[in-house]
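Enquirer: One structure coming up, written as structure tokens, with questions to follow.
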Amino acid sequence: MSSAATTTYVLRGARPLGGDPVDLVLADGVVAELAPLGAARAADDEGTVVVDATGLVALPGLVDLHTHLREPGREDAETIASGTRAAAAGGFTAVHAMANTTPVADTAGVVEQVWRLGRDAGWVDVHPVGAVSVGLAGEQLAELGAMADSAARVRVFSDDGKCVDDPILMRRALEYVKAFDGVVAQHAQEPRLTEGAQMNEGVVSAELGLAGWPAVAEEAIIARDVLLAEHVGSRLHVCHLSTAGSVEIVRWAKGRGIDVTAEVTPHHLALTDDLARGYDPTFKVNPPLRTAADVEAVREGLADGTIDIVATDHAPHAREDKDCEWAAAAFGMTGLETALSVVQQTMVDTGRMTWADVARVLSSAPARIGRIDTGERAQGRPLEVGEPANVTLVDPAARRVVDGAGQATASTNTPFQGRELPGAVVATFLRGRATVLDGAPVEAVTAGRGVGA
């Protein structure tokens with residue numbers, strides 16, 4: 001392990017959750033002190049590094065419940081090393097890696113492989129998501145119990161990329177995960193209503209002559225599944241909610257006391273289906289970009305707590321899978337390195353949310369849903385003395401123009417290419433070790449094989 005593991009950091013003038021400036025001291029893997037400004041130990045103390053955090057907002061390390069790292073099988077698009085490096089650059093200290101790899105993460109062996117590769121990479125904690133069904137085929141339950149008991153301790157299960165459309169299989173999955181307090185994360189897409197669909201069904205799809213993807217295809221599955229979750233008394237999580245109707249269904253379900261949580265992606269908070277007019281496959285995504293009315297509804301749902309979290313659905317692709325005609329292009333967008341900026345732009349700078357709210361939707365709530373908020377390697381914990389030193393420093397006054405080719409991810413398919421976004425991650429700390437400093441990944445962390453382990 002590198003000597004950086006013993007470094008004490010004094011984040012001088014940091015503003016926890018956007019509040020008053022303090023000296024935030026990180027030592028021995030925990031938050032050691034919250035001292036009055038200027039009162040923390042001096043820079044000349046051996047092993048102590050002072051970081052000028054004047055004007056910077058300190059947040060608990062971000063947690064993504066929905067990341068595609070592609071490894072094993074599609075290392076041409078992303079690897080666990082490159083994807084987690086991108087996550088650290090975006091302010092994340094933990095990610096949940098989706099199961100649609102090759103082979104599919106539907107056994108204890110595969111999820112343990114992903115988990116160990118994440119530890120070896122050392123940028124963030126990697127928590128594998130287990131498949132609900134064998135091979136994502138939607139026919140037979142995968143080894144849910146074995147994955148839960150494995151070294152990876154899987155608690156989130158999803159066939160994301162495909163919908164568990166068989167109600168019997170979905171019911172069985174919901175019943176099964178109750179034994180170990182797991183959650184089924186559903187990709188809500190009725191396949192028979194979206195066969196051949198290319199974009200949101202509406203005015204724009206009609207004008208462009210592209211097969212439409214109706215909102216009801218998402219809403220019908222969510223409505224079914226919240227009732228199934230209520231019937232069996234289990235936890236349900238809704239992936240990448242995108243329509244106004246979906247927000248209303250989740251709001252109704254929560255009012256009824258059903259144990260359901262939901263996520264929205266940054267791109268569904270910011271972008272509309274008008275972007276498809278140029279036939280640029282960068283904007284082809286599943287679920288599709290929706291209308292301005294849907295964008296307003298999901299923003300409102302996030303602000304009022306109907307939607308629990310923001311999750312990136314980071315979906316990197318090899319260049320040839322996006323650099324082609326619209327119909328042949330793959331669905332998906334990258335998002336780890338722009339997520340925090342998009343949330344600032346759409347929710348904070350508009351007055352809908354505070355930085356404390358950002359900490360909730362991008363850290364504490366996803367950690368709680370994924371059941372990684374307790375134990376020695378807990379994530380999503382508050383910035384308090386004795387808590388794990390998972391910290392993100394963001395400069396809310398910064399402005400940057402997004403350049404996909406210059407990002408840490410191995411893929412360039414960002415929908416924000418060339419756009420100016422507010423905010424920039426200045427530093428990220430995983431259990432007190434710097435993974436990002438001065439806005440750049442700290443390459444030396446990989447020498448320690450498992451940051452903060």
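Quick note on naming: the chains in the structure tokens go A, B, ... in the order shown, residues restart at 1 in each chain, and ligands are numbered from 1 in order of appearance.
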Write out as a ChimeraX atom specification all residues of region 67-156 of chain A that DSSP puts in alpha helix (DSSP H) for this structure's backbone.

Expert: /A:80-89,108-121,144-149

Enquirer: Could you write out the selected residues, including C-alpha atoms, as a PDB file, in the first residue's frame?

Expert:
ATOM      1  CA  ILE A  80     -13.760  -1.693 -14.433  1.00  0.00           C
ATOM      2  CA  ALA A  81     -10.516   0.268 -14.092  1.00  0.00           C
ATOM      3  CA  SER A  82     -11.468   2.994 -16.602  1.00  0.00           C
ATOM      4  CA  GLY A  83     -15.081   3.199 -15.448  1.00  0.00           C
ATOM      5  CA  THR A  84     -14.217   3.517 -11.777  1.00  0.00           C
ATOM      6  CA  ARG A  85     -11.537   6.094 -12.576  1.00  0.00           C
ATOM      7  CA  ALA A  86     -14.278   8.078 -14.304  1.00  0.00           C
ATOM      8  CA  ALA A  87     -16.484   7.610 -11.258  1.00  0.00           C
ATOM      9  CA  ALA A  88     -13.820   9.046  -8.957  1.00  0.00           C
ATOM     10  CA  ALA A  89     -13.363  11.985 -11.342  1.00  0.00           C
ATOM     11  CA  ALA A 108     -21.625 -16.009  -7.375  1.00  0.00           C
ATOM     12  CA  GLY A 109     -18.496 -16.538  -9.454  1.00  0.00           C
ATOM     13  CA  VAL A 110     -19.125 -13.639 -11.822  1.00  0.00           C
ATOM     14  CA  VAL A 111     -20.187 -11.114  -9.160  1.00  0.00           C
ATOM     15  CA  GLU A 112     -17.121 -12.013  -7.095  1.00  0.00           C
ATOM     16  CA  GLN A 113     -14.943 -11.459 -10.171  1.00  0.00           C
ATOM     17  CA  VAL A 114     -16.413  -7.977 -10.664  1.00  0.00           C
ATOM     18  CA  TRP A 115     -16.078  -7.197  -6.960  1.00  0.00           C
ATOM     19  CA  ARG A 116     -12.409  -8.225  -6.865  1.00  0.00           C
ATOM     20  CA  LEU A 117     -11.565  -6.315 -10.036  1.00  0.00           C
ATOM     21  CA  GLY A 118     -13.113  -3.246  -8.410  1.00  0.00           C
ATOM     22  CA  ARG A 119     -10.986  -3.670  -5.299  1.00  0.00           C
ATOM     23  CA  ASP A 120      -7.867  -4.142  -7.400  1.00  0.00           C
ATOM     24  CA  ALA A 121      -8.583  -1.020  -9.456  1.00  0.00           C
ATOM     25  CA  LEU A 144     -29.966 -14.870  -5.954  1.00  0.00           C
ATOM     26  CA  GLY A 145     -29.157 -16.483  -2.628  1.00  0.00           C
ATOM     27  CA  ALA A 146     -25.679 -17.580  -3.695  1.00  0.00           C
ATOM     28  CA  MET A 147     -24.873 -14.082  -4.917  1.00  0.00           C
ATOM     29  CA  ALA A 148     -26.171 -12.593  -1.674  1.00  0.00           C
ATOM     30  CA  ASP A 149     -23.960 -14.971   0.346  1.00  0.00           C
TER      31      ASP A 149
END

Enquirer: Going by DSSP on the backbone, which residues of region 136-232 of chain A come out as strand (DSSP E or B)? List them as a PyMOL selection string.

Expert: chain A and resi 141+156-157+183-186+199-200+212-213

Enquirer: Using only C-alpha atoms, I'd like a table of the residues in region 315-406 of chain A that come within 10 Å of region 193-210 of chain A; for each, show the closest atom pair and its distance in Å rounded to one decimal, ordered by chain and ascending number, as CSV.

Expert:
residue,atom,partner,partner_atom,distance
A:Trp326,CA,A:Gln198,CA,8.2
A:Ala327,CA,A:Gln198,CA,7.0
A:Ala328,CA,A:Gln198,CA,9.8
A:Ala329,CA,A:Gln198,CA,9.8
A:Phe331,CA,A:Gln198,CA,9.1

Enquirer: Could you save those same residues with N, CA and C atoms as a PDB file, in the first residue's frame?

Expert:
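Written output follows (again-v5.pdb):
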ATOM      1  N   TRP A 326     -28.894   6.099 -36.992  1.00  0.00           N
ATOM      2  CA  TRP A 326     -29.700   6.047 -35.777  1.00  0.00           C
ATOM      3  C   TRP A 326     -30.258   4.652 -35.505  1.00  0.00           C
ATOM      4  N   ALA A 327     -30.862   4.020 -36.508  1.00  0.00           N
ATOM      5  CA  ALA A 327     -31.539   2.741 -36.290  1.00  0.00           C
ATOM      6  C   ALA A 327     -30.585   1.646 -35.835  1.00  0.00           C
ATOM      7  N   ALA A 328     -29.343   1.706 -36.288  1.00  0.00           N
ATOM      8  CA  ALA A 328     -28.374   0.658 -35.953  1.00  0.00           C
ATOM      9  C   ALA A 328     -27.603   0.953 -34.670  1.00  0.00           C
ATOM     10  N   ALA A 329     -27.709   2.164 -34.159  1.00  0.00           N
ATOM     11  CA  ALA A 329     -26.905   2.577 -33.011  1.00  0.00           C
ATOM     12  C   ALA A 329     -27.396   1.941 -31.713  1.00  0.00           C
ATOM     13  N   PHE A 331     -28.271   1.867 -27.674  1.00  0.00           N
ATOM     14  CA  PHE A 331     -28.872   2.775 -26.716  1.00  0.00           C
ATOM     15  C   PHE A 331     -27.870   3.075 -25.598  1.00  0.00           C
TER      16      PHE A 331
END

Enquirer: Using Å and a single decimal, report how far CA of Val132 (chain A) sits from CA of Glu78 (chain A).

Expert: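 It comes out at 23.0 Å.
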
Enquirer: Write out as a PyMOL selection string which residues come within 12 Å of Glu219 (chain A) when counting only C-alpha atoms, dropping same-chain ones fewer than 6 positions away.

Expert: chain A and resi 186-190+193+213+225-226+238-250+287

Enquirer: Kindly save the residues from that selection, with N, CA and C atoms included, as a tab-separated table (two decimals), in the first residue's frame.

Expert:
chain	number	residue	atom	x	y	z
A	186	GLN	N	-36.13	-2.71	-11.14
A	186	GLN	CA	-36.79	-3.05	-12.40
A	186	GLN	C	-36.55	-2.04	-13.50
A	187	HIS	N	-36.17	-2.55	-14.66
A	187	HIS	CA	-36.12	-1.78	-15.91
A	187	HIS	C	-37.52	-1.85	-16.50
A	188	ALA	N	-38.29	-0.80	-16.31
A	188	ALA	CA	-39.72	-0.84	-16.63
A	188	ALA	C	-39.95	-0.57	-18.12
A	189	GLN	N	-40.16	-1.64	-18.85
A	189	GLN	CA	-40.38	-1.53	-20.29
A	189	GLN	C	-41.16	-2.74	-20.77
A	190	GLU	N	-42.43	-2.54	-21.04
A	190	GLU	CA	-43.25	-3.62	-21.58
A	190	GLU	C	-42.77	-3.92	-23.01
A	193	LEU	N	-44.98	-3.49	-26.19
A	193	LEU	CA	-45.38	-2.12	-26.54
A	193	LEU	C	-44.21	-1.31	-27.11
A	213	TRP	N	-41.96	5.11	-28.82
A	213	TRP	CA	-41.82	4.37	-27.56
A	213	TRP	C	-42.79	5.00	-26.58
A	225	ASP	N	-45.82	-3.59	-10.87
A	225	ASP	CA	-44.81	-4.03	-9.91
A	225	ASP	C	-44.99	-3.42	-8.52
A	226	VAL	N	-45.50	-2.21	-8.44
A	226	VAL	CA	-45.75	-1.68	-7.09
A	226	VAL	C	-46.86	-2.49	-6.40
A	238	VAL	N	-37.37	1.31	-8.81
A	238	VAL	CA	-37.66	1.60	-10.22
A	238	VAL	C	-36.45	2.29	-10.84
A	239	CYS	N	-35.87	1.65	-11.85
A	239	CYS	CA	-34.73	2.24	-12.56
A	239	CYS	C	-35.19	3.35	-13.49
A	240	HIS	N	-34.31	4.31	-13.71
A	240	HIS	CA	-34.41	5.40	-14.70
A	240	HIS	C	-35.85	5.78	-15.08
A	241	LEU	N	-36.63	6.18	-14.09
A	241	LEU	CA	-37.99	6.67	-14.32
A	241	LEU	C	-37.93	7.89	-15.24
A	242	SER	N	-38.86	7.97	-16.21
A	242	SER	CA	-38.70	9.04	-17.21
A	242	SER	C	-39.96	9.78	-17.60
A	243	THR	N	-41.12	9.39	-17.12
A	243	THR	CA	-42.35	10.04	-17.58
A	243	THR	C	-43.14	10.64	-16.43
A	244	ALA	N	-43.97	11.60	-16.78
A	244	ALA	CA	-44.83	12.25	-15.78
A	244	ALA	C	-45.78	11.23	-15.15
A	245	GLY	N	-46.28	10.32	-15.98
A	245	GLY	CA	-47.18	9.30	-15.45
A	245	GLY	C	-46.50	8.38	-14.46
A	246	SER	N	-45.24	8.06	-14.72
A	246	SER	CA	-44.48	7.21	-13.79
A	246	SER	C	-44.31	7.89	-12.44
A	247	VAL	N	-44.05	9.20	-12.47
A	247	VAL	CA	-43.93	9.95	-11.21
A	247	VAL	C	-45.22	9.85	-10.41
A	248	GLU	N	-46.34	9.99	-11.08
A	248	GLU	CA	-47.63	9.93	-10.39
A	248	GLU	C	-47.90	8.54	-9.80
A	249	ILE	N	-47.53	7.51	-10.51
A	249	ILE	CA	-47.73	6.14	-10.00
A	249	ILE	C	-46.88	5.90	-8.75
A	250	VAL	N	-45.62	6.32	-8.79
A	250	VAL	CA	-44.76	6.15	-7.62
A	250	VAL	C	-45.27	6.99	-6.46
A	287	PRO	N	-34.53	4.25	-21.09
A	287	PRO	CA	-35.69	4.77	-21.83
A	287	PRO	C	-35.33	6.03	-22.60

Enquirer: Measuring atom to atom with only C-alpha atoms, identify which of A:Thr306, A:Arg319, A:Ala215, A:Glu443 is nearest to Arg290 (chain A).

Expert: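 Comparing A:Thr306, A:Arg319, A:Ala215, A:Glu443 against Arg290 (chain A), the winner is A:Ala215.
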
Enquirer: Between CA of Arg251 (chain A) and CA of Ile222 (chain A), measure the distance and give it in Å to one decimal.

Expert: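 So the two atoms, CA of Arg251 (chain A) and CA of Ile222 (chain A), lie 11.4 Å apart.
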
Enquirer: Name all residues at most 8 Å from His68 (chain A) (count only C-alpha atoms; drop same-chain ones fewer than 6 positions away) and give them as a list in words.

Expert: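 Surrounding residues, per the criterion: Ala97, Met98, Asn100, Asp313, His314, Ala315 and Pro316 of chain A.
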
Enquirer: Rounded to one decimal place, report the CA of Gly335 (chain A)-CA of Val402 (chain A) distance in Å.

Expert: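 CA of Val402 (chain A) lies at a distance of 11.3 Å from CA of Gly335 (chain A).
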
Enquirer: Just want the 9 Å neighbourhood of Val401 (chain A), counted on only C-alpha atoms, with same-chain residues fewer than 3 positions away dropped. Output as a list in words.

Expert: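 Those residues are Phe416, Gln417, Gly418, Arg419, Glu420, Leu421 and Pro422 of chain A.
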
Enquirer: Excluding Asp76 (chain A) and any residue of its chain fewer than 3 positions from it, enumerate the residues within 8 Å of it, using only C-alpha atoms, and give them as a short mmCIF file (atom, residue, chain, number, x, y, z; two decimals) with all heavy atoms, in the first residue's frame.

Expert:
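Wrote it out as around.cif, contents follow:
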data_model
loop_
_atom_site.label_atom_id
_atom_site.label_comp_id
_atom_site.auth_asym_id
_atom_site.auth_seq_id
_atom_site.Cartn_x
_atom_site.Cartn_y
_atom_site.Cartn_z
N THR A 79 -13.70 -0.62 -19.09
CA THR A 79 -13.23 -1.63 -18.15
C THR A 79 -13.59 -1.18 -16.75
O THR A 79 -13.95 -0.01 -16.53
CB THR A 79 -11.71 -1.84 -18.24
OG1 THR A 79 -11.05 -0.63 -17.82
CG2 THR A 79 -11.28 -2.21 -19.64
N HIS A 317 -20.08 3.08 -24.71
CA HIS A 317 -20.12 2.23 -25.91
C HIS A 317 -18.87 2.44 -26.74
O HIS A 317 -18.30 3.53 -26.77
CB HIS A 317 -21.34 2.56 -26.77
CG HIS A 317 -22.63 2.07 -26.20
ND1 HIS A 317 -22.94 0.73 -26.08
CD2 HIS A 317 -23.70 2.74 -25.68
CE1 HIS A 317 -24.14 0.59 -25.52
NE2 HIS A 317 -24.62 1.80 -25.27
N ALA A 318 -18.46 1.39 -27.43
CA ALA A 318 -17.38 1.51 -28.40
C ALA A 318 -17.82 2.46 -29.52
O ALA A 318 -19.02 2.56 -29.83
CB ALA A 318 -17.04 0.14 -28.97
#

Enquirer: Which residues are near Val183 (chain A)? Cut-off 12 Å, only C-alpha atoms, ignore same chain within fewer than 5 positions. Put them as a PyMOL selection string.

Expert: chain A and resi 65+129-132+144+148+154-158+170+173-178+229+233-239+259-262+368-371

Enquirer: Pick out the closest residue to Val50 (chain A) from this set: A:Leu437, A:Leu430, A:Gly138, A:Cys324. Count only C-alpha atoms.

Expert: A:Leu437
